[in-house]
>>> print(open('final_32.pdb').read())   # PDB, C-alpha atoms and all ligand atoms
ATOM      1  CA  MET B 188      37.986 126.649   7.373  1.00  0.00           C
ATOM      2  CA  ASP B 189      35.946 123.929   5.615  1.00  0.00           C
ATOM      3  CA  LEU B 190      33.101 122.149   7.448  1.00  0.00           C
ATOM      4  CA  LYS B 191      35.111 118.972   8.119  1.00  0.00           C
ATOM      5  CA  THR B 192      37.941 120.977   9.684  1.00  0.00           C
ATOM      6  CA  GLN B 193      35.401 122.926  11.755  1.00  0.00           C
ATOM      7  CA  MET B 194      34.048 119.616  13.143  1.00  0.00           C
ATOM      8  CA  LYS B 195      37.596 118.593  14.052  1.00  0.00           C
ATOM      9  CA  GLN B 196      38.485 121.966  15.564  1.00  0.00           C
ATOM     10  CA  ILE B 197      35.456 122.013  17.878  1.00  0.00           C
ATOM     11  CA  VAL B 198      36.448 118.650  19.414  1.00  0.00           C
ATOM     12  CA  ALA B 199      40.109 119.665  19.596  1.00  0.00           C
ATOM     13  CA  THR B 200      39.187 122.825  21.498  1.00  0.00           C
ATOM     14  CA  ALA B 201      36.871 120.905  23.856  1.00  0.00           C
ATOM     15  CA  ALA B 202      39.508 118.254  24.549  1.00  0.00           C
ATOM     16  CA  ILE B 203      42.026 120.855  25.722  1.00  0.00           C
ATOM     17  CA  LYS B 204      39.593 121.904  28.445  1.00  0.00           C
ATOM     18  CA  GLU B 205      40.176 118.521  30.126  1.00  0.00           C
ATOM     19  CA  ILE B 206      43.901 119.244  30.564  1.00  0.00           C
ATOM     20  CA  GLU B 207      45.009 120.612  33.933  1.00  0.00           C
ATOM     21  CA  ASP B 208      48.263 122.199  35.099  1.00  0.00           C
ATOM     22  CA  GLY B 209      51.048 119.675  35.735  1.00  0.00           C
ATOM     23  CA  MET B 210      49.558 116.887  33.617  1.00  0.00           C
ATOM     24  CA  ILE B 211      51.457 114.432  31.475  1.00  0.00           C
ATOM     25  CA  VAL B 212      49.436 114.316  28.245  1.00  0.00           C
ATOM     26  CA  GLY B 213      49.531 111.706  25.483  1.00  0.00           C
ATOM     27  CA  LEU B 214      49.669 113.537  22.156  1.00  0.00           C
ATOM     28  CA  GLY B 215      47.765 111.593  19.502  1.00  0.00           C
ATOM     29  CA  SER B 216      48.357 111.426  15.756  1.00  0.00           C
ATOM     30  CA  GLY B 217      46.372 112.378  12.662  1.00  0.00           C
ATOM     31  CA  SER B 218      44.684 115.589  11.549  1.00  0.00           C
ATOM     32  CA  THR B 219      42.267 115.936  14.508  1.00  0.00           C
ATOM     33  CA  ALA B 220      45.001 115.289  17.069  1.00  0.00           C
ATOM     34  CA  ALA B 221      47.199 117.813  15.251  1.00  0.00           C
ATOM     35  CA  LEU B 222      44.532 120.496  15.788  1.00  0.00           C
ATOM     36  CA  MET B 223      44.424 119.502  19.469  1.00  0.00           C
ATOM     37  CA  ILE B 224      48.235 119.807  19.727  1.00  0.00           C
ATOM     38  CA  LYS B 225      48.106 123.269  18.129  1.00  0.00           C
ATOM     39  CA  SER B 226      45.362 124.381  20.558  1.00  0.00           C
ATOM     40  CA  LEU B 227      47.357 122.993  23.492  1.00  0.00           C
ATOM     41  CA  ALA B 228      50.478 124.846  22.368  1.00  0.00           C
ATOM     42  CA  GLU B 229      48.505 128.085  22.247  1.00  0.00           C
ATOM     43  CA  GLU B 230      47.189 127.583  25.804  1.00  0.00           C
ATOM     44  CA  ILE B 231      50.758 126.956  27.015  1.00  0.00           C
ATOM     45  CA  ARG B 232      52.062 129.997  25.106  1.00  0.00           C
ATOM     46  CA  LEU B 233      49.399 132.195  26.695  1.00  0.00           C
ATOM     47  CA  GLY B 234      50.281 130.856  30.158  1.00  0.00           C
ATOM     48  CA  LYS B 235      46.806 129.344  30.630  1.00  0.00           C
ATOM     49  CA  LEU B 236      48.285 125.866  31.122  1.00  0.00           C
ATOM     50  CA  LYS B 237      51.502 125.316  33.083  1.00  0.00           C
ATOM     51  CA  ASN B 238      53.969 122.462  33.622  1.00  0.00           C
ATOM     52  CA  ILE B 239      52.497 120.309  30.875  1.00  0.00           C
ATOM     53  CA  ARG B 240      54.608 117.523  29.431  1.00  0.00           C
ATOM     54  CA  GLY B 241      53.560 115.718  26.263  1.00  0.00           C
ATOM     55  CA  VAL B 242      54.205 112.114  25.291  1.00  0.00           C
ATOM     56  CA  PRO B 243      54.123 111.860  21.482  1.00  0.00           C
ATOM     57  CA  THR B 244      52.471 108.877  19.779  1.00  0.00           C
ATOM     58  CA  SER B 245      54.319 109.317  16.498  1.00  0.00           C
ATOM     59  CA  PHE B 246      57.041 111.118  14.617  1.00  0.00           C
ATOM     60  CA  GLN B 247      54.269 113.425  13.345  1.00  0.00           C
ATOM     61  CA  SER B 248      53.129 114.499  16.820  1.00  0.00           C
ATOM     62  CA  GLU B 249      56.711 114.735  18.085  1.00  0.00           C
ATOM     63  CA  VAL B 250      57.775 117.100  15.287  1.00  0.00           C
ATOM     64  CA  LEU B 251      54.650 119.238  15.661  1.00  0.00           C
ATOM     65  CA  ALA B 252      54.999 119.494  19.446  1.00  0.00           C
ATOM     66  CA  LEU B 253      58.698 120.368  19.163  1.00  0.00           C
ATOM     67  CA  GLU B 254      57.968 123.080  16.593  1.00  0.00           C
ATOM     68  CA  LEU B 255      55.301 124.539  18.880  1.00  0.00           C
ATOM     69  CA  ASN B 256      57.479 124.395  22.015  1.00  0.00           C
ATOM     70  CA  ILE B 257      55.423 121.846  23.948  1.00  0.00           C
ATOM     71  CA  PRO B 258      57.772 120.205  26.491  1.00  0.00           C
ATOM     72  CA  LEU B 259      58.067 116.495  25.756  1.00  0.00           C
ATOM     73  CA  ILE B 260      58.899 113.445  27.821  1.00  0.00           C
ATOM     74  CA  ASP B 261      59.745 109.980  26.586  1.00  0.00           C
ATOM     75  CA  LEU B 262      57.229 107.170  27.043  1.00  0.00           C
ATOM     76  CA  ALA B 263      59.852 105.044  28.803  1.00  0.00           C
ATOM     77  CA  SER B 264      60.462 107.807  31.379  1.00  0.00           C
ATOM     78  CA  VAL B 265      56.889 107.973  32.690  1.00  0.00           C
ATOM     79  CA  SER B 266      55.122 105.427  34.851  1.00  0.00           C
ATOM     80  CA  GLU B 267      51.698 106.773  33.908  1.00  0.00           C
ATOM     81  CA  ILE B 268      50.074 109.312  31.629  1.00  0.00           C
ATOM     82  CA  ASP B 269      47.302 111.462  33.100  1.00  0.00           C
ATOM     83  CA  LEU B 270      45.314 111.928  29.905  1.00  0.00           C
ATOM     84  CA  ALA B 271      45.821 110.741  26.321  1.00  0.00           C
ATOM     85  CA  ILE B 272      43.955 112.547  23.542  1.00  0.00           C
ATOM     86  CA  ASP B 273      43.830 110.897  20.135  1.00  0.00           C
ATOM     87  CA  GLY B 274      41.768 110.559  16.985  1.00  0.00           C
ATOM     88  CA  ALA B 275      40.269 107.372  15.537  1.00  0.00           C
ATOM     89  CA  ASP B 276      39.229 105.937  12.194  1.00  0.00           C
ATOM     90  CA  GLU B 277      36.121 104.122  13.461  1.00  0.00           C
ATOM     91  CA  VAL B 278      34.291 104.219  16.809  1.00  0.00           C
ATOM     92  CA  ASP B 279      31.539 101.696  17.573  1.00  0.00           C
ATOM     93  CA  PRO B 280      28.733 102.162  20.148  1.00  0.00           C
ATOM     94  CA  ALA B 281      30.786 100.315  22.823  1.00  0.00           C
ATOM     95  CA  PHE B 282      33.705 102.711  22.192  1.00  0.00           C
ATOM     96  CA  GLN B 283      35.818 100.003  20.548  1.00  0.00           C
ATOM     97  CA  LEU B 284      38.043 101.574  17.910  1.00  0.00           C
ATOM     98  CA  ILE B 285      39.918 101.045  14.716  1.00  0.00           C
ATOM     99  CA  LYS B 286      43.028 103.223  14.614  1.00  0.00           C
ATOM    100  CA  GLY B 287      46.131 103.314  12.465  1.00  0.00           C
ATOM    101  CA  GLY B 288      44.934 105.317   9.469  1.00  0.00           C
ATOM    102  CA  GLY B 289      48.196 107.209   9.867  1.00  0.00           C
ATOM    103  CA  ALA B 290      50.156 103.991  10.549  1.00  0.00           C
ATOM    104  CA  CYS B 291      50.889 105.139  14.117  1.00  0.00           C
ATOM    105  CA  HIS B 292      48.831 102.618  16.094  1.00  0.00           C
ATOM    106  CA  VAL B 293      51.780 100.823  17.738  1.00  0.00           C
ATOM    107  CA  ARG B 294      52.871 103.845  19.763  1.00  0.00           C
ATOM    108  CA  GLU B 295      49.298 105.121  20.030  1.00  0.00           C
ATOM    109  CA  LYS B 296      48.307 101.889  21.780  1.00  0.00           C
ATOM    110  CA  LEU B 297      51.354 101.996  24.067  1.00  0.00           C
ATOM    111  CA  VAL B 298      50.421 105.530  25.128  1.00  0.00           C
ATOM    112  CA  ALA B 299      46.699 104.696  25.471  1.00  0.00           C
ATOM    113  CA  SER B 300      47.534 101.659  27.617  1.00  0.00           C
ATOM    114  CA  LYS B 301      49.594 103.783  30.004  1.00  0.00           C
ATOM    115  CA  ALA B 302      46.976 106.536  30.248  1.00  0.00           C
ATOM    116  CA  ASN B 303      44.630 106.955  33.195  1.00  0.00           C
ATOM    117  CA  LYS B 304      42.114 108.333  30.724  1.00  0.00           C
ATOM    118  CA  LEU B 305      41.831 107.972  26.941  1.00  0.00           C
ATOM    119  CA  LEU B 306      39.825 110.734  25.282  1.00  0.00           C
ATOM    120  CA  ILE B 307      38.980 110.157  21.616  1.00  0.00           C
ATOM    121  CA  VAL B 308      38.262 113.120  19.340  1.00  0.00           C
ATOM    122  CA  VAL B 309      36.458 112.500  16.040  1.00  0.00           C
ATOM    123  CA  ASP B 310      34.013 113.977  13.582  1.00  0.00           C
ATOM    124  CA  GLU B 311      30.684 112.228  13.164  1.00  0.00           C
ATOM    125  CA  THR B 312      31.783 110.365  10.011  1.00  0.00           C
ATOM    126  CA  LYS B 313      33.858 108.091  12.280  1.00  0.00           C
ATOM    127  CA  LEU B 314      30.872 106.709  14.224  1.00  0.00           C
ATOM    128  CA  VAL B 315      29.889 103.253  12.969  1.00  0.00           C
ATOM    129  CA  LYS B 316      27.530 100.483  14.050  1.00  0.00           C
ATOM    130  CA  ASN B 317      30.033  97.707  13.312  1.00  0.00           C
ATOM    131  CA  LEU B 318      33.781  97.981  12.953  1.00  0.00           C
ATOM    132  CA  ASN B 319      35.567  97.201   9.679  1.00  0.00           C
ATOM    133  CA  GLU B 320      32.559  97.199   7.362  1.00  0.00           C
ATOM    134  CA  VAL B 321      34.151 100.225   5.692  1.00  0.00           C
ATOM    135  CA  PHE B 322      37.556 101.069   7.175  1.00  0.00           C
ATOM    136  CA  PRO B 323      40.257  98.392   6.797  1.00  0.00           C
ATOM    137  CA  LEU B 324      42.033  97.240   9.953  1.00  0.00           C
ATOM    138  CA  PRO B 325      45.715  98.289   9.917  1.00  0.00           C
ATOM    139  CA  VAL B 326      48.174  95.586  10.960  1.00  0.00           C
ATOM    140  CA  GLU B 327      51.852  96.472  11.405  1.00  0.00           C
ATOM    141  CA  VAL B 328      54.139  93.656  10.255  1.00  0.00           C
ATOM    142  CA  LEU B 329      57.861  93.003  10.017  1.00  0.00           C
ATOM    143  CA  PRO B 330      58.944  93.695   6.417  1.00  0.00           C
ATOM    144  CA  SER B 331      60.188  90.127   5.944  1.00  0.00           C
ATOM    145  CA  ALA B 332      56.891  88.677   7.215  1.00  0.00           C
ATOM    146  CA  TRP B 333      54.276  90.609   5.234  1.00  0.00           C
ATOM    147  CA  LYS B 334      53.404  87.826   2.770  1.00  0.00           C
ATOM    148  CA  GLN B 335      53.308  85.118   5.464  1.00  0.00           C
ATOM    149  CA  VAL B 336      51.027  87.263   7.653  1.00  0.00           C
ATOM    150  CA  LYS B 337      48.820  88.141   4.660  1.00  0.00           C
ATOM    151  CA  ASP B 338      48.346  84.429   3.909  1.00  0.00           C
ATOM    152  CA  ILE B 339      47.444  83.575   7.515  1.00  0.00           C
ATOM    153  CA  ILE B 340      44.967  86.466   7.694  1.00  0.00           C
ATOM    154  CA  SER B 341      43.465  85.201   4.437  1.00  0.00           C
ATOM    155  CA  GLU B 342      42.850  81.803   6.112  1.00  0.00           C
ATOM    156  CA  MET B 343      41.035  83.752   8.860  1.00  0.00           C
ATOM    157  CA  GLY B 344      38.737  85.322   6.230  1.00  0.00           C
ATOM    158  CA  GLY B 345      40.477  88.672   5.827  1.00  0.00           C
ATOM    159  CA  VAL B 346      41.556  90.332   2.588  1.00  0.00           C
ATOM    160  CA  SER B 347      44.817  92.265   3.103  1.00  0.00           C
ATOM    161  CA  ASN B 348      46.451  94.955   1.040  1.00  0.00           C
ATOM    162  CA  LEU B 349      49.981  96.162   1.601  1.00  0.00           C
ATOM    163  CA  ARG B 350      49.634  99.912   2.182  1.00  0.00           C
ATOM    164  CA  MET B 351      51.382 101.824  -0.583  1.00  0.00           C
ATOM    165  CA  ALA B 352      53.131 105.160  -0.129  1.00  0.00           C
ATOM    166  CA  ILE B 353      52.265 108.378  -1.912  1.00  0.00           C
ATOM    167  CA  LYS B 354      55.189 110.312  -3.407  1.00  0.00           C
ATOM    168  CA  LYS B 355      57.479 107.289  -2.844  1.00  0.00           C
ATOM    169  CA  ALA B 356      57.653 104.076  -4.849  1.00  0.00           C
ATOM    170  CA  GLY B 357      56.687 101.038  -2.793  1.00  0.00           C
ATOM    171  CA  PRO B 358      55.060 100.535   0.594  1.00  0.00           C
ATOM    172  CA  VAL B 359      54.459 102.854   3.539  1.00  0.00           C
ATOM    173  CA  VAL B 360      57.236 102.377   6.120  1.00  0.00           C
ATOM    174  CA  THR B 361      56.130 103.004   9.715  1.00  0.00           C
ATOM    175  CA  ASP B 362      57.942 105.025  12.391  1.00  0.00           C
ATOM    176  CA  GLN B 363      59.374 101.674  13.570  1.00  0.00           C
ATOM    177  CA  GLY B 364      60.563 100.694  10.055  1.00  0.00           C
ATOM    178  CA  ASN B 365      57.811  98.141   9.428  1.00  0.00           C
ATOM    179  CA  LEU B 366      55.021  97.703   6.849  1.00  0.00           C
ATOM    180  CA  ILE B 367      51.223  97.937   7.078  1.00  0.00           C
ATOM    181  CA  LEU B 368      48.627  95.446   5.893  1.00  0.00           C
ATOM    182  CA  ASP B 369      45.117  96.949   5.626  1.00  0.00           C
ATOM    183  CA  VAL B 370      42.588  94.187   6.243  1.00  0.00           C
ATOM    184  CA  LEU B 371      38.873  93.870   5.490  1.00  0.00           C
ATOM    185  CA  PHE B 372      36.879  90.945   6.877  1.00  0.00           C
ATOM    186  CA  ASP B 373      33.814  89.775   4.929  1.00  0.00           C
ATOM    187  CA  ASP B 374      31.266  90.581   7.620  1.00  0.00           C
ATOM    188  CA  GLY B 375      33.156  93.245   9.522  1.00  0.00           C
ATOM    189  CA  ILE B 376      34.458  92.568  13.033  1.00  0.00           C
ATOM    190  CA  LYS B 377      31.999  90.955  15.434  1.00  0.00           C
ATOM    191  CA  ASN B 378      34.333  90.178  18.340  1.00  0.00           C
ATOM    192  CA  PRO B 379      37.075  92.837  18.500  1.00  0.00           C
ATOM    193  CA  LYS B 380      38.831  91.449  21.610  1.00  0.00           C
ATOM    194  CA  ASP B 381      39.133  87.951  20.172  1.00  0.00           C
ATOM    195  CA  LEU B 382      40.332  89.238  16.803  1.00  0.00           C
ATOM    196  CA  GLU B 383      42.824  91.650  18.373  1.00  0.00           C
ATOM    197  CA  ASN B 384      44.427  88.728  20.231  1.00  0.00           C
ATOM    198  CA  ARG B 385      44.325  86.328  17.288  1.00  0.00           C
ATOM    199  CA  ILE B 386      46.006  88.768  14.908  1.00  0.00           C
ATOM    200  CA  ASN B 387      48.636  89.798  17.442  1.00  0.00           C
ATOM    201  CA  ASN B 388      49.438  86.115  17.903  1.00  0.00           C
ATOM    202  CA  ILE B 389      50.517  85.674  14.272  1.00  0.00           C
ATOM    203  CA  PRO B 390      54.329  85.515  14.052  1.00  0.00           C
ATOM    204  CA  GLY B 391      55.638  88.692  12.421  1.00  0.00           C
ATOM    205  CA  VAL B 392      52.784  90.943  13.617  1.00  0.00           C
ATOM    206  CA  LEU B 393      53.839  93.893  15.767  1.00  0.00           C
ATOM    207  CA  GLU B 394      50.396  95.275  16.589  1.00  0.00           C
ATOM    208  CA  ASN B 395      46.977  95.778  15.030  1.00  0.00           C
ATOM    209  CA  GLY B 396      44.722  98.824  15.098  1.00  0.00           C
ATOM    210  CA  LEU B 397      41.918  97.414  17.258  1.00  0.00           C
ATOM    211  CA  PHE B 398      41.700  99.409  20.499  1.00  0.00           C
ATOM    212  CA  VAL B 399      39.492  97.355  22.792  1.00  0.00           C
ATOM    213  CA  ASN B 400      38.249  98.502  26.213  1.00  0.00           C
ATOM    214  CA  LEU B 401      40.702 101.417  26.273  1.00  0.00           C
ATOM    215  CA  THR B 402      38.462 104.416  25.572  1.00  0.00           C
ATOM    216  CA  ASP B 403      36.935 106.392  28.447  1.00  0.00           C
ATOM    217  CA  GLU B 404      35.284 109.264  26.585  1.00  0.00           C
ATOM    218  CA  VAL B 405      34.508 110.225  22.994  1.00  0.00           C
ATOM    219  CA  LEU B 406      34.005 113.795  21.795  1.00  0.00           C
ATOM    220  CA  VAL B 407      32.256 114.107  18.434  1.00  0.00           C
ATOM    221  CA  GLY B 408      31.959 117.091  16.125  1.00  0.00           C
ATOM    222  CA  LYS B 409      29.063 117.381  13.686  1.00  0.00           C
ATOM    223  CA  ILE B 410      27.510 120.055  11.510  1.00  0.00           C
ATOM    224  CA  GLU B 411      23.976 121.336  12.108  1.00  0.00           C
ATOM    225  CA  ASN B 412      22.552 124.300  10.203  1.00  0.00           C
ATOM    226  CA  ASN B 413      26.010 124.932   8.789  1.00  0.00           C
ATOM    227  CA  MET B 414      27.454 125.266  12.310  1.00  0.00           C
ATOM    228  CA  PRO B 415      29.850 122.906  14.113  1.00  0.00           C
ATOM    229  CA  ILE B 416      28.222 121.246  17.151  1.00  0.00           C
ATOM    230  CA  LEU B 417      29.893 119.199  19.879  1.00  0.00           C
ATOM    231  CA  PHE B 418      28.439 116.127  21.544  1.00  0.00           C
ATOM    232  CA  SER B 419      29.654 113.324  23.762  1.00  0.00           C
ATOM    233  CA  PRO B 420      27.850 109.997  23.231  1.00  0.00           C
ATOM    234  CA  SER B 421      27.327 107.524  26.088  1.00  0.00           C
ATOM    235  CA  LYS B 422      28.970 104.155  25.832  1.00  0.00           C
ATOM    236  CA  ILE B 423      26.570 101.305  25.001  1.00  0.00           C
ATOM    237  CA  SER B 424      27.984  98.032  26.313  1.00  0.00           C
TER     238      SER B 424
HETATM  239  C1  LIG L   1      46.785 107.492  13.172  1.00  0.00           C
HETATM  240  C2  LIG L   1      45.424 107.417  13.748  1.00  0.00           C
HETATM  241  C3  LIG L   1      44.588 108.653  13.670  1.00  0.00           C
HETATM  242  O1  LIG L   1      44.240 109.052  14.952  1.00  0.00           O
HETATM  243  C4  LIG L   1      43.359 108.313  12.842  1.00  0.00           C
HETATM  244  O2  LIG L   1      43.789 107.877  11.565  1.00  0.00           O
HETATM  245  C5  LIG L   1      42.437 109.532  12.705  1.00  0.00           C
HETATM  246  O3  LIG L   1      43.057 110.530  11.946  1.00  0.00           O
HETATM  247  P1  LIG L   1      42.272 111.840  11.488  1.00  0.00           P
HETATM  248  O4  LIG L   1      41.978 112.629  12.728  1.00  0.00           O
HETATM  249  O5  LIG L   1      43.234 112.520  10.543  1.00  0.00           O
HETATM  250  O6  LIG L   1      41.024 111.395  10.786  1.00  0.00           O
HETATM  251  O7  LIG L   1      44.974 106.422  14.272  1.00  0.00           O
HETATM  252  O8  LIG L   1      47.425 106.252  13.210  1.00  0.00           O
END
>>> encode(input="final_32.pdb", output="structure tokens")
Amino acid sequence: MDLKTQMKQIVATAAIKEIEDGMIVGLGSGSTAALMIKSLAEEIRLGKLKNIRGVPTSFQSEVLALELNIPLIDLASVSEIDLAIDGADEVDPAFQLIKGGGACHVREKLVASKANKLLIVVDETKLVKNLNEVFPLPVEVLPSAWKQVKDIISEMGGVSNLRMAIKKAGPVVTDQGNLILDVLFDDGIKNPKDLENRINNIPGVLENGLFVNLTDEVLVGKIENNMPILFSPSKIS
């Protein structure tokens, strides 16, 4: 296992320890969440965790959970989720996030919003001082609206790129059948709450990848002396 995967595995393993029998668990998306789902499946297989039901945040997590025999329940069928565990693309000191690197942030935010606790699992490369200085903000848009939304975001000072697919000609199509604009603002994002609302107010926008005031705990994996180490930073408000 390479060092980056070791950092991800140590947080995935630690996250599973927060799951208790009978819980409804939000199953995040991306490579770190996938390791968490695999670890969870193993605990269920060994009988160490019982009566768990997972709520997938994407087609990716749904397929993986089904293949590994994790019982699933639909988001619409639950009134609350006990614990959601998900990855992130950037985490700032106040635990505000950019998500959507896997184009799954619409359902990820729905699950996070219904969760009593949101636990974020990342490697240390995801910790940033200011959001969006490096990682572009994903914005899911209706296919017919992408150019109109791009132009409005440009007036707000953001440079957008339509996310292009790999091994398919043309753009990435989300689980909901929409497109993704990846947006960089000149000076990064200073006021995530305000920007989240302003972008979501543009006609044609489904959801953006800013997760504001949703995160309860962050588990971080890093490498020290060639060994993976786990730590949990405190939120700085
Ligand atoms: C998908 C996400 C992922 O959680 C995020 O991209 C992190 O992925 P990874 O753990 O592979 O770095 O938001 O939409």
>>> residues_near_ligand(input="final_32.pdb", ligand="ligand LIG 1 (chain L)", cutoff="7 Å", atoms="all atoms listed in the file", output="VMD selection string")
chain B and resid 215 to 220 273 to 276 286 to 292 309
>>> residues_near_point(input="final_32.pdb", point="(28.6, 113.9, 22.6)", cutoff="8 Å", atoms="all atoms listed in the file", output="list in words")
Val405, Leu406, Val407, Gly408, Leu417, Phe418, Ser419, Pro420 and Ser421 of chain B
>>> residues_around(input="final_32.pdb", residues="segment 259-270 of chain B", least_positions_apart="6", cutoff="6 Å", atoms="only C-alpha atoms", output="PyMOL selection string")
chain B and resi 210-212+240-242+301-304
>>> write_last_selection(input="final_32.pdb", atoms="C-alpha atoms", output="mmCIF file, keeping the file's coordinate frame")
data_model
loop_
_atom_site.group_PDB
_atom_site.id
_atom_site.type_symbol
_atom_site.label_atom_id
_atom_site.label_comp_id
_atom_site.auth_asym_id
_atom_site.auth_seq_id
_atom_site.Cartn_x
_atom_site.Cartn_y
_atom_site.Cartn_z
ATOM 1 C CA MET B 210 49.558 116.887 33.617
ATOM 2 C CA ILE B 211 51.457 114.432 31.475
ATOM 3 C CA VAL B 212 49.436 114.316 28.245
ATOM 4 C CA ARG B 240 54.608 117.523 29.431
ATOM 5 C CA GLY B 241 53.560 115.718 26.263
ATOM 6 C CA VAL B 242 54.205 112.114 25.291
ATOM 7 C CA LYS B 301 49.594 103.783 30.004
ATOM 8 C CA ALA B 302 46.976 106.536 30.248
ATOM 9 C CA ASN B 303 44.630 106.955 33.195
ATOM 10 C CA LYS B 304 42.114 108.333 30.724
#
>>> resolve_selection(input="final_32.pdb", expression="the PyMOL selection byres (((chain B and resi 346-349) around 6) and not hetatm)", output="list in words")
Lys337, Ser341, Gly345, Arg350, Ile367, Leu368, Asp369, Val370 and Leu371 of chain B
>>> resolve_selection(input="final_32.pdb", expression="the PyMOL selection byres (((chain B and resi 246-253) around 7) and not hetatm)", output="PyMOL selection string")
chain B and resi 214-216+221+224+243-245+254-257+362
>>> axis_aligned_box(input="final_32.pdb", around="segment 317-324 of chain B", padding_each_side="5 Å", output="JSON")
{"center_x": 36.0, "center_y": 99.1, "center_z": 9.5, "size_x": 22.0, "size_y": 13.9, "size_z": 17.6}
>>> closest_residue(input="final_32.pdb", among="B:Leu366, B:Ile339, B:Arg232, B:Val308", to="Gln196 of chain B", atoms="all atoms listed in the file")
B:Val308
>>> closest_residue(input="final_32.pdb", among="B:Leu397, B:Ile340, B:Leu314, B:Ala356", to="Ala299 of chain B", atoms="only C-alpha atoms")
B:Leu397
>>> closest_residue(input="final_32.pdb", among="B:Val392, B:Val298, B:Leu284, B:Val315", to="Gln335 of chain B", atoms="all atoms listed in the file")
B:Val392
>>> atom_distance(input="final_32.pdb", atom1="atom CA of Glu327 of chain B", atom2="atom CA of Ile285 of chain B")
13.2 Å
>>> closest_residue(input="final_32.pdb", among="B:Lys355, B:Lys204, B:Lys191, B:Lys377", to="Asn319 of chain B", atoms="only C-alpha atoms")
B:Lys377
>>> closest_residue(input="final_32.pdb", among="B:Ile203, B:Val359, B:Ile423, B:Leu324", to="Glu383 of chain B", atoms="all atoms listed in the file")
B:Leu324
>>> residues_around(input="final_32.pdb", residues="Leu305 of chain B", least_positions_apart="2", cutoff="6 Å", atoms="only C-alpha atoms", output="PyMOL selection string")
chain B and resi 271+402-403
>>> write_last_selection(input="final_32.pdb", atoms="C-alpha atoms", output="short mmCIF file (atom, residue, chain, number, x, y, z; two decimals), keeping the file's coordinate frame")
data_model
loop_
_atom_site.label_atom_id
_atom_site.label_comp_id
_atom_site.auth_asym_id
_atom_site.auth_seq_id
_atom_site.Cartn_x
_atom_site.Cartn_y
_atom_site.Cartn_z
CA ALA B 271 45.82 110.74 26.32
CA THR B 402 38.46 104.42 25.57
CA ASP B 403 36.94 106.39 28.45
#
>>> resolve_selection(input="final_32.pdb", expression="the PyMOL selection byres (((chain B and resi 194) around 9) and not hetatm)", output="MDAnalysis selection string")
chainID B and resid 189:193 195:199 309:311 407:410 414:417
>>> build_atoms(input="final_32.pdb", residues="segment 332-342 of chain B", atoms="N, CA, C and O atoms", output="compact mmCIF listing (two decimals), in the frame of the given file")
# COMPACT_ATOMS: atom_id res chain seq x y z
N ALA B 332 58.00 89.59 6.89
CA ALA B 332 56.89 88.68 7.22
C ALA B 332 55.58 89.04 6.52
O ALA B 332 54.57 88.36 6.71
N TRP B 333 55.57 90.09 5.69
CA TRP B 333 54.28 90.61 5.23
C TRP B 333 53.46 89.58 4.46
O TRP B 333 52.25 89.44 4.65
N LYS B 334 54.14 88.77 3.61
CA LYS B 334 53.40 87.83 2.77
C LYS B 334 52.87 86.67 3.62
O LYS B 334 51.72 86.23 3.46
N GLN B 335 53.71 86.21 4.57
CA GLN B 335 53.31 85.12 5.46
C GLN B 335 52.10 85.54 6.31
O GLN B 335 51.14 84.79 6.46
N VAL B 336 52.15 86.77 6.83
CA VAL B 336 51.03 87.26 7.65
C VAL B 336 49.78 87.42 6.79
O VAL B 336 48.68 87.03 7.17
N LYS B 337 49.96 87.96 5.58
CA LYS B 337 48.82 88.14 4.66
C LYS B 337 48.13 86.80 4.41
O LYS B 337 46.90 86.70 4.43
N ASP B 338 48.92 85.75 4.20
CA ASP B 338 48.35 84.43 3.91
C ASP B 338 47.58 83.88 5.12
O ASP B 338 46.51 83.29 4.97
N ILE B 339 48.13 84.09 6.31
CA ILE B 339 47.44 83.58 7.52
C ILE B 339 46.14 84.35 7.74
O ILE B 339 45.10 83.77 8.06
N ILE B 340 46.19 85.67 7.52
CA ILE B 340 44.97 86.47 7.69
C ILE B 340 43.93 86.04 6.65
O ILE B 340 42.72 85.99 6.93
N SER B 341 44.38 85.67 5.48
CA SER B 341 43.46 85.20 4.44
C SER B 341 42.75 83.93 4.90
O SER B 341 41.53 83.77 4.70
N GLU B 342 43.48 83.03 5.57
CA GLU B 342 42.85 81.80 6.11
C GLU B 342 41.82 82.16 7.18
O GLU B 342 40.88 81.40 7.43
